[in-house]
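Enquirer: Input file: input26.cif. Contents: mmCIF, C-alpha atoms.
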```cif
data_coords
loop_
_atom_site.label_atom_id
_atom_site.label_comp_id
_atom_site.auth_asym_id
_atom_site.auth_seq_id
_atom_site.Cartn_x
_atom_site.Cartn_y
_atom_site.Cartn_z
CA MET A 1 24.82 -2.40 -9.60
CA LYS A 2 23.32 1.07 -9.55
CA ALA A 3 21.36 2.06 -6.48
CA ILE A 4 19.72 5.04 -4.80
CA GLU A 5 21.33 5.61 -1.41
CA ILE A 6 20.23 7.75 1.52
CA VAL A 7 23.53 9.53 2.17
CA ARG A 8 22.20 11.03 5.41
CA PRO A 9 18.75 11.65 6.92
CA GLY A 10 17.11 14.70 5.41
CA ALA A 11 15.27 16.27 2.49
CA PRO A 12 14.73 14.51 -0.87
CA GLU A 13 18.13 15.71 -2.10
CA VAL A 14 19.87 13.19 0.19
CA LEU A 15 18.83 10.47 -2.27
CA GLN A 16 21.87 9.91 -4.47
CA LEU A 17 22.61 7.54 -7.35
CA VAL A 18 25.62 5.36 -6.45
CA GLU A 19 27.28 2.12 -7.46
CA ARG A 20 27.34 -0.81 -5.04
CA PRO A 21 28.44 -4.43 -5.18
CA ASP A 22 25.83 -6.74 -6.66
CA PRO A 23 23.73 -8.49 -4.00
CA VAL A 24 23.92 -12.27 -3.66
CA ALA A 25 20.78 -14.36 -3.18
CA GLY A 26 20.87 -16.71 -0.21
CA ALA A 27 18.81 -19.75 0.70
CA GLY A 28 15.17 -19.26 -0.25
CA GLU A 29 15.91 -16.07 -2.18
CA LEU A 30 15.78 -14.93 -5.80
CA LEU A 31 17.89 -12.32 -7.59
CA ILE A 32 15.86 -9.91 -9.72
CA ARG A 33 17.17 -7.58 -12.41
CA VAL A 34 14.97 -4.60 -11.59
CA SER A 35 13.15 -2.67 -14.29
CA ALA A 36 10.98 -0.58 -11.97
CA SER A 37 10.73 0.25 -8.26
CA GLY A 38 7.63 1.50 -6.46
CA VAL A 39 7.84 4.62 -4.29
CA ASN A 40 5.93 4.54 -1.00
CA ARG A 41 5.35 6.68 2.07
CA PRO A 42 7.58 4.45 4.26
CA ASP A 43 10.48 5.27 1.89
CA VAL A 44 9.98 8.94 2.74
CA LEU A 45 10.00 8.15 6.46
CA GLN A 46 13.17 6.08 6.08
CA ARG A 47 14.83 8.92 4.17
CA LYS A 48 14.07 11.23 7.09
CA GLY A 49 15.54 8.77 9.59
CA ALA A 50 12.16 7.92 11.12
CA TYR A 51 11.69 4.36 9.81
CA PRO A 52 14.88 2.27 9.88
CA PRO A 53 14.93 -1.04 8.00
CA PRO A 54 14.45 -4.18 10.07
CA ALA A 55 17.48 -6.19 11.15
CA GLY A 56 19.11 -7.99 8.27
CA ALA A 57 17.42 -5.93 5.55
CA SER A 58 19.25 -3.73 3.06
CA ASP A 59 19.83 -0.14 4.13
CA LEU A 60 18.66 1.00 0.68
CA PRO A 61 15.07 2.26 0.50
CA GLY A 62 12.43 0.57 -1.62
CA LEU A 63 9.77 -1.98 -0.67
CA GLU A 64 8.60 -3.24 -4.08
CA VAL A 65 10.16 -4.05 -7.43
CA ALA A 66 9.37 -5.59 -10.79
CA GLY A 67 11.78 -7.17 -13.23
CA THR A 68 13.26 -10.46 -14.39
CA ILE A 69 14.63 -13.37 -12.36
CA VAL A 70 18.34 -13.78 -13.11
CA GLY A 71 19.39 -16.21 -10.36
CA GLY A 72 18.89 -17.49 -6.86
CA ASP A 73 17.87 -20.62 -4.98
CA THR A 74 16.64 -22.98 -7.71
CA SER A 75 14.65 -25.21 -5.36
CA ALA A 76 12.87 -22.24 -3.79
CA MET A 77 12.28 -20.84 -7.26
CA ALA A 78 10.71 -24.11 -8.41
CA ALA A 79 8.58 -24.35 -5.26
CA ALA A 80 7.20 -20.89 -6.08
CA GLY A 81 6.41 -22.00 -9.63
CA LEU A 82 9.03 -19.67 -11.10
CA LYS A 83 12.15 -20.01 -13.27
CA PRO A 84 15.01 -17.84 -14.55
CA GLY A 85 13.79 -15.34 -17.10
CA ASP A 86 10.30 -15.02 -15.59
CA ARG A 87 8.91 -11.52 -15.11
CA VAL A 88 7.96 -11.00 -11.47
CA CYS A 89 7.03 -8.36 -8.96
CA ALA A 90 8.10 -8.68 -5.34
CA LEU A 91 7.64 -7.25 -1.87
CA VAL A 92 10.94 -6.66 -0.07
CA ALA A 93 11.92 -5.29 3.34
CA GLY A 94 14.44 -2.93 1.72
CA GLY A 95 16.79 -2.65 -1.23
CA GLY A 96 14.18 -1.95 -3.89
CA TYR A 97 15.81 1.25 -5.14
CA ALA A 98 18.47 -0.64 -7.08
CA SER A 99 19.06 -2.25 -10.47
CA LEU A 100 19.47 -5.65 -8.76
CA CYS A 101 17.45 -6.80 -5.76
CA VAL A 102 17.23 -9.94 -3.65
CA ALA A 103 13.75 -11.08 -2.61
CA PRO A 104 12.43 -14.12 -0.72
CA ALA A 105 10.92 -16.51 -3.27
CA GLY A 106 7.64 -16.62 -1.34
CA GLN A 107 7.24 -12.85 -1.68
CA CYS A 108 7.57 -12.94 -5.48
CA LEU A 109 4.56 -13.06 -7.75
CA PRO A 110 4.40 -13.42 -11.53
CA ALA A 111 3.86 -10.07 -13.21
CA PRO A 112 0.17 -10.15 -14.19
CA GLY A 113 -0.42 -10.70 -17.88
CA GLY A 114 -0.79 -7.52 -19.89
CA LEU A 115 0.96 -5.26 -17.37
CA SER A 116 4.24 -3.43 -17.97
CA ASP A 117 7.03 -3.70 -15.41
CA VAL A 118 6.21 -0.16 -14.25
CA GLU A 119 2.61 -1.17 -13.62
CA ALA A 120 3.66 -4.43 -11.93
CA ALA A 121 6.07 -2.56 -9.64
CA SER A 122 3.17 -0.45 -8.36
CA LEU A 123 1.35 -3.47 -6.95
CA PRO A 124 3.11 -5.35 -4.12
CA GLU A 125 3.37 -2.93 -1.19
CA THR A 126 -0.20 -1.66 -1.33
CA PHE A 127 -1.79 -4.94 -2.41
CA PHE A 128 -0.08 -6.94 0.37
CA THR A 129 -1.04 -4.23 2.89
CA VAL A 130 -4.68 -3.91 1.84
CA TRP A 131 -5.26 -7.66 1.61
CA SER A 132 -3.67 -8.30 5.01
CA ASN A 133 -5.58 -5.55 6.79
CA VAL A 134 -8.92 -5.17 5.02
CA PHE A 135 -9.57 -8.82 4.20
CA ASP A 136 -7.54 -10.84 6.72
CA ARG A 137 -7.68 -8.65 9.84
CA ALA A 138 -10.94 -6.76 9.28
CA ARG A 139 -12.71 -9.61 7.43
CA LEU A 140 -14.52 -7.36 4.94
CA GLN A 141 -17.39 -9.25 3.31
CA ALA A 142 -19.52 -8.71 0.24
CA GLY A 143 -22.44 -6.42 1.06
CA GLU A 144 -20.57 -4.57 3.81
CA THR A 145 -19.44 -0.93 3.71
CA LEU A 146 -15.78 0.09 3.77
CA LEU A 147 -14.64 3.64 4.60
CA VAL A 148 -11.19 4.37 3.13
CA GLN A 149 -9.31 7.35 4.52
CA GLY A 150 -7.15 8.97 1.85
CA GLY A 151 -8.76 7.40 -1.19
CA THR A 152 -6.26 8.76 -3.74
CA SER A 153 -3.13 7.49 -1.98
CA GLY A 154 -1.46 4.33 -3.22
CA ILE A 155 -3.18 2.40 -0.44
CA GLY A 156 -6.46 4.18 -1.12
CA VAL A 157 -6.72 3.43 -4.85
CA THR A 158 -5.92 -0.22 -4.11
CA ALA A 159 -8.44 -0.51 -1.27
CA ILE A 160 -11.23 1.05 -3.34
CA GLN A 161 -10.72 -1.35 -6.21
CA LEU A 162 -10.24 -4.53 -4.18
CA ALA A 163 -13.25 -3.82 -1.98
CA LYS A 164 -15.46 -3.15 -5.00
CA ALA A 165 -14.25 -6.31 -6.73
CA ALA A 166 -15.13 -8.22 -3.54
CA GLY A 167 -18.69 -6.86 -3.58
CA ALA A 168 -18.48 -4.18 -0.87
CA THR A 169 -19.85 -0.64 -0.88
CA VAL A 170 -17.01 1.89 -0.69
CA ILE A 171 -16.91 5.36 0.82
CA ALA A 172 -13.62 7.23 0.35
CA THR A 173 -12.30 10.50 1.76
CA ALA A 174 -10.03 12.90 -0.10
CA GLY A 175 -8.78 16.47 0.29
CA SER A 176 -10.36 18.13 -2.76
CA ASP A 177 -13.38 17.85 -5.02
CA GLU A 178 -11.06 16.78 -7.86
CA LYS A 179 -9.63 13.96 -5.78
CA CYS A 180 -13.14 12.93 -4.74
CA ALA A 181 -14.03 12.67 -8.42
CA ALA A 182 -10.95 10.49 -8.94
CA CYS A 183 -12.12 8.17 -6.13
CA ARG A 184 -15.53 7.80 -7.77
CA ALA A 185 -13.87 7.12 -11.15
CA LEU A 186 -11.98 4.25 -9.50
CA GLY A 187 -15.22 2.73 -8.28
CA ALA A 188 -15.99 4.37 -4.93
CA ASP A 189 -19.74 4.62 -4.40
CA HIS A 190 -19.32 7.86 -2.43
CA ALA A 191 -16.48 10.30 -1.83
CA ILE A 192 -16.24 12.84 0.98
CA ASN A 193 -14.11 15.99 0.84
CA TYR A 194 -12.75 15.96 4.38
CA ARG A 195 -11.79 19.64 4.14
CA THR A 196 -15.39 20.75 3.64
CA HIS A 197 -17.43 17.99 5.28
CA ASP A 198 -17.37 15.99 8.53
CA PHE A 199 -16.53 12.50 7.29
CA ALA A 200 -18.14 10.86 10.35
CA ALA A 201 -21.46 12.66 9.89
CA GLU A 202 -21.40 12.02 6.14
CA THR A 203 -20.67 8.33 6.64
CA LYS A 204 -23.64 8.03 8.97
CA ARG A 205 -25.84 9.91 6.49
CA LEU A 206 -24.74 7.83 3.50
CA THR A 207 -25.41 4.60 5.41
CA GLU A 208 -28.80 5.81 6.73
CA GLY A 209 -27.43 5.98 10.25
CA ARG A 210 -25.94 2.49 10.31
CA GLY A 211 -22.27 3.40 9.89
CA ALA A 212 -19.35 1.69 8.14
CA ASP A 213 -18.58 -1.97 8.80
CA VAL A 214 -14.83 -1.49 8.22
CA ILE A 215 -12.63 1.62 8.27
CA LEU A 216 -9.10 1.65 6.86
CA ASP A 217 -7.20 4.47 8.56
CA MET A 218 -3.76 5.90 7.82
CA VAL A 219 -4.20 9.01 9.99
CA ALA A 220 -4.98 7.94 13.59
CA GLY A 221 -4.71 10.86 16.06
CA ASP A 222 -8.00 12.70 16.46
CA TYR A 223 -9.53 10.72 13.59
CA VAL A 224 -9.96 7.70 15.84
CA ALA A 225 -12.72 9.20 17.98
CA ARG A 226 -14.72 10.18 14.90
CA GLU A 227 -14.15 6.77 13.33
CA VAL A 228 -15.39 4.98 16.44
CA ALA A 229 -18.49 7.19 16.28
CA CYS A 230 -19.31 6.22 12.69
CA LEU A 231 -18.70 2.47 12.88
CA ALA A 232 -21.65 0.13 12.56
CA GLU A 233 -22.39 -2.45 15.21
CA ASP A 234 -19.64 -5.10 15.19
CA GLY A 235 -17.58 -2.66 13.09
CA ARG A 236 -13.81 -2.96 12.66
CA LEU A 237 -11.30 -0.11 12.57
CA VAL A 238 -7.86 -0.96 11.15
CA ILE A 239 -5.04 1.55 11.69
CA ILE A 240 -2.04 1.12 9.36
CA ALA A 241 -0.24 4.46 9.85
CA VAL A 242 -0.22 7.35 12.31
CA GLN A 243 0.24 10.44 10.13
CA GLY A 244 -2.00 12.38 12.51
CA GLY A 245 -0.17 11.29 15.67
CA VAL A 246 -0.24 8.38 18.09
CA ALA A 247 -2.44 9.91 20.80
CA ALA A 248 -6.11 9.06 20.30
CA GLY A 249 -8.96 9.74 22.72
CA PHE A 250 -12.28 8.02 21.97
CA ASP A 251 -15.54 6.96 23.60
CA ALA A 252 -14.76 3.53 25.02
CA GLY A 253 -18.43 3.13 25.88
CA LEU A 254 -19.24 2.97 22.17
CA VAL A 255 -16.68 0.21 21.76
CA LEU A 256 -18.49 -1.81 24.45
CA ARG A 257 -22.06 -1.10 23.42
CA ARG A 258 -21.52 -1.55 19.68
CA ARG A 259 -19.03 -4.46 20.00
CA LEU A 260 -16.35 -2.65 18.01
CA THR A 261 -12.88 -3.89 17.15
CA ILE A 262 -9.88 -1.53 16.93
CA THR A 263 -6.82 -3.17 15.47
CA GLY A 264 -3.79 -2.36 13.36
CA SER A 265 -0.59 -3.72 11.92
CA THR A 266 2.67 -3.02 10.18
CA LEU A 267 4.02 -5.32 7.50
CA ARG A 268 7.69 -4.59 6.90
CA ALA A 269 9.14 -6.51 9.83
CA ARG A 270 6.77 -9.50 9.66
CA PRO A 271 8.39 -12.88 8.88
CA VAL A 272 8.74 -14.23 5.37
CA ALA A 273 6.21 -17.00 6.04
CA PHE A 274 3.56 -14.43 6.92
CA LYS A 275 4.18 -12.40 3.77
CA ALA A 276 4.34 -15.54 1.63
CA ALA A 277 0.85 -16.50 2.83
CA ILE A 278 -0.42 -13.09 1.69
CA ALA A 279 1.30 -13.60 -1.67
CA ARG A 280 -0.52 -16.91 -2.14
CA ALA A 281 -3.85 -15.28 -1.28
CA LEU A 282 -3.20 -12.48 -3.77
CA ARG A 283 -2.26 -14.93 -6.51
CA ASP A 284 -5.41 -16.98 -5.89
CA ASN A 285 -7.90 -14.17 -5.33
CA VAL A 286 -6.63 -10.88 -6.74
CA TRP A 287 -4.41 -11.73 -9.71
CA PRO A 288 -7.46 -13.10 -11.61
CA TRP A 289 -9.22 -9.76 -11.03
CA ILE A 290 -6.21 -7.91 -12.45
CA GLU A 291 -5.94 -10.17 -15.48
CA ALA A 292 -9.68 -9.79 -16.10
CA GLY A 293 -9.37 -5.99 -15.95
CA ARG A 294 -11.56 -5.65 -12.85
CA VAL A 295 -8.64 -4.19 -10.86
CA LYS A 296 -6.03 -1.95 -12.51
CA PRO A 297 -2.75 -0.40 -11.40
CA VAL A 298 -2.97 3.36 -10.96
CA VAL A 299 0.41 4.90 -11.82
CA PHE A 300 0.40 8.68 -11.56
CA GLN A 301 3.96 9.34 -12.74
CA THR A 302 7.16 7.50 -13.59
CA PHE A 303 10.62 8.92 -12.88
CA GLU A 304 14.07 7.85 -13.97
CA ALA A 305 15.73 6.23 -10.98
CA ALA A 306 18.32 9.02 -10.81
CA ASP A 307 15.41 11.43 -10.22
CA ALA A 308 14.20 9.68 -7.07
CA ALA A 309 14.42 12.99 -5.19
CA GLN A 310 11.79 14.45 -7.53
CA ALA A 311 9.51 11.49 -6.85
CA HIS A 312 9.83 12.03 -3.09
CA THR A 313 9.12 15.74 -3.48
CA LEU A 314 5.93 14.96 -5.39
CA MET A 315 4.86 12.36 -2.83
CA GLU A 316 5.28 14.84 0.02
CA SER A 317 3.22 17.42 -1.89
CA ASN A 318 0.21 15.05 -1.88
CA ARG A 319 -0.71 16.19 -5.40
CA HIS A 320 -0.65 12.70 -6.87
CA VAL A 321 -3.45 10.18 -7.37
CA GLY A 322 -2.16 6.63 -7.10
CA LYS A 323 1.41 5.38 -7.30
CA LEU A 324 4.80 6.86 -8.18
CA VAL A 325 7.37 4.56 -9.79
CA LEU A 326 11.10 4.69 -10.56
CA SER A 327 12.31 3.25 -13.87
CA TRP A 328 15.78 1.68 -14.27
#
```
Would you mind writing the file's structure down as structure tokens?
Expert:
Amino acid sequence: MKAIEIVRPGAPEVLQLVERPDPVAGAGELLIRVSASGVNRPDVLQRKGAYPPPAGASDLPGLEVAGTIVGGDTSAMAAAGLKPGDRVCALVAGGGYASLCVAPAGQCLPAPGGLSDVEAASLPETFFTVWSNVFDRARLQAGETLLVQGGTSGIGVTAIQLAKAAGATVIATAGSDEKCAACRALGADHAINYRTHDFAAETKRLTEGRGADVILDMVAGDYVAREVACLAEDGRLVIIAVQGGVAAGFDAGLVLRRRLTITGSTLRARPVAFKAAIARALRDNVWPWIEAGRVKPVVFQTFEAADAAQAHTLMESNRHVGKLVLSW
């Protein structure tokens, strides 16, 4: 098979197109002929040597794919309601940057009707992450307010749309007026340019002093203190990345007085059973929204797989709105 290998930790140019032996699906796994691979921030971290794959996972980058089932465990396939020849998208712990990929059957979902493989490949990593954190951990409910940090990231565009489809009010932050407009076009009720406005003060103003019920944060660092300050009573802060650093000082008295919850998670190393449960929830709750057109993939640019370095360069520039995808 063809694959994109990290020849050594470093800049985007260390991503090289190579040939490798075809992977073999084991018990509970499916073999997918990949048409498209999603590009995500963890891939960039892995390329730099800062986010190694979990034990037993492929050393190749790539956490999501879309394509056609060409083999694997037939009983697991049947249990997942799938068969050879079906178009699927899948969340994987590694190995997605390749023309063939092995995925646990429970982490495979049928490609939603009407979507191309490129669009389907843009779904798993962010949809699994947002559902697990915003809906399972933070328990966002209809009528509540969600603050999304980084509304034009892959995670951000997904969180905005899923929260709106679930009946929440959405406030998103972004780094320019143009990106704020993009957030509103995706359904955000309000968008805050964090370079020109204090997002905490604006969140309090937009909620008439009440604050946000849930905050989805990919920054951490000094954002945490401001997020604690603009949470509503019984509010929930979910941290899913630490781009701003791991040290966070905040007013613990507010946590006590306002009964706040600060939580977080990573997904890549969680067991297959955990991810399979998220897949079932997505199929039951979110796939109907996609097929009804209420939630749409947001693909900013597609690259030939051999040009993966260009995709990583664009991702690190932060100029994109939505997802970047490799095509095989």
Enquirer: Kindly give the distance, in Å, that separates atom CA of A:Gly81 and atom CA of A:Ile69, rounded to a single decimal.
Expert: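 Interatomic distance, atom CA of A:Gly81 to atom CA of A:Ile69: 12.2 Å.
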Enquirer: Within 10 Å of stretch 44-56 of chain A, which residues of stretch 180-274 of chain A come that close, and what is the closest atom pair and distance in Å for each? Count all atoms listed in the file and give it as a Markdown table.
Expert:
```
| residue | atom | partner | partner_atom | distance |
| --- | --- | --- | --- | --- |
| A:Arg268 | CA | A:Pro54 | CA | 7.5 |
| A:Ala269 | CA | A:Pro54 | CA | 5.8 |
| A:Arg270 | CA | A:Pro54 | CA | 9.4 |
```
Enquirer: I'd like to see the residues matched by the PyMOL selection byres ((chain A and resi 213) around 9) on this file, and ideally I'd get them as an MDAnalysis selection string.
Expert: chainID A and resid 140 144:147 210:212 214:215 231:237
Enquirer: With all atoms listed in the file counted and 12 Å as the cut-off, give the residues of stretch 199-308 of chain A in contact with stretch 83-97 of chain A, each with its shortest interatomic distance in Å and the pair that gives it, as a Markdown table.
Expert:
```
| residue | atom | partner | partner_atom | distance |
| --- | --- | --- | --- | --- |
| A:Thr266 | CA | A:Ala93 | CA | 11.7 |
| A:Leu267 | CA | A:Ala93 | CA | 8.9 |
| A:Arg268 | CA | A:Ala93 | CA | 5.6 |
| A:Ala269 | CA | A:Ala93 | CA | 7.2 |
| A:Arg270 | CA | A:Ala93 | CA | 9.2 |
| A:Pro271 | CA | A:Ala93 | CA | 10.0 |
| A:Val272 | CA | A:Val92 | CA | 9.6 |
| A:Lys275 | CA | A:Leu91 | CA | 8.4 |
| A:Ala276 | CA | A:Leu91 | CA | 9.6 |
| A:Ile278 | CA | A:Leu91 | CA | 10.6 |
| A:Ala279 | CA | A:Leu91 | CA | 9.0 |
| A:Arg283 | CA | A:Cys89 | CA | 11.6 |
| A:Trp287 | CA | A:Cys89 | CA | 11.9 |
| A:Glu304 | CA | A:Tyr97 | CA | 11.2 |
| A:Ala305 | CA | A:Tyr97 | CA | 7.7 |
| A:Ala306 | CA | A:Tyr97 | CA | 9.9 |
| A:Asp307 | CA | A:Tyr97 | CA | 11.4 |
| A:Ala308 | CA | A:Tyr97 | CA | 8.8 |
```
Enquirer: Residues near A:Ala181, anyone? I mean within 12 Å using all atoms listed in the file, not counting same-chain ones fewer than 3 positions away, as a VMD selection string.
Expert: chain A and resid 151 to 152 172 to 178 184 to 193 321
Enquirer: May I have the residues within 10 Å of A:Ser132 as a PyMOL selection string, using only C-alpha atoms and disregarding those fewer than 4 positions away in the same chain?
Expert: chain A and resi 126-128+136-139+265-267+274-275+277-279+281-282
Enquirer: Using the chain letters and numbers from the file, which residues does the PyMOL selection byres ((chain A and resi 13) around 10) grab, as a ChimeraX atom specification?
Expert: /A:6-12,14-16,47,307-310,312-313
Enquirer: Would you export the selected residues with C-alpha atoms as a CSV table (one decimal), in the coordinates of the input, please?
Expert:
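Result went into again.csv, see below:
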```
chain,number,residue,atom,x,y,z
A,6,ILE,CA,20.2,7.8,1.5
A,7,VAL,CA,23.5,9.5,2.2
A,8,ARG,CA,22.2,11.0,5.4
A,9,PRO,CA,18.8,11.6,6.9
A,10,GLY,CA,17.1,14.7,5.4
A,11,ALA,CA,15.3,16.3,2.5
A,12,PRO,CA,14.7,14.5,-0.9
A,14,VAL,CA,19.9,13.2,0.2
A,15,LEU,CA,18.8,10.5,-2.3
A,16,GLN,CA,21.9,9.9,-4.5
A,47,ARG,CA,14.8,8.9,4.2
A,307,ASP,CA,15.4,11.4,-10.2
A,308,ALA,CA,14.2,9.7,-7.1
A,309,ALA,CA,14.4,13.0,-5.2
A,310,GLN,CA,11.8,14.4,-7.5
A,312,HIS,CA,9.8,12.0,-3.1
A,313,THR,CA,9.1,15.7,-3.5
```
Enquirer: Hey, can you check how far atom CA of A:Thr129 sits from atom CA of A:Leu206?
Expert: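 Taking atom CA of A:Thr129 as the start and atom CA of A:Leu206 as the end point, the length is 26.6 Å.
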Enquirer: If we count all atoms listed in the file, what is near A:Gly209 at a cut-off of 9 Å, once residues fewer than 4 positions away on the same chain are taken out, given as JSON, numbers by chain?
Expert: {"A": [201, 203, 204, 205, 230, 232]}
Enquirer: Give as a count of residues only each residue that has an atom at most 10 Å from (-19.5, -7.9, -1.3) in the file, counting only C-alpha atoms.
Expert: 13
Enquirer: Between A:Met218, A:Val39, A:Val298, A:Val102, which is the closest to A:Val24 once you count only C-alpha atoms?
Expert: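 When distances to A:Val24 are compared using only C-alpha atoms, the smallest one comes from A:Val102.
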Enquirer: Kindly indicate which residue among A:Ala121, A:Ala220, A:Leu314, A:Leu100 lies nearest to A:Leu60, using all atoms listed in the file for the distances.
Expert: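 Smallest distance to A:Leu60 is found for A:Leu100.
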Enquirer: What is the atom CA of A:Val148 to atom CA of A:Ile290 distance in Å?
Expert: 20.5 Å
Enquirer: Determine, counting only C-alpha atoms, which protein, DNA and RNA residues have an atom within 12 Å of an atom of A:Phe250; residues of the same chain fewer than 3 positions away are not included. Present the result as a VMD selection string.
Expert: chain A and resid 220 to 230 247 253 to 256 262
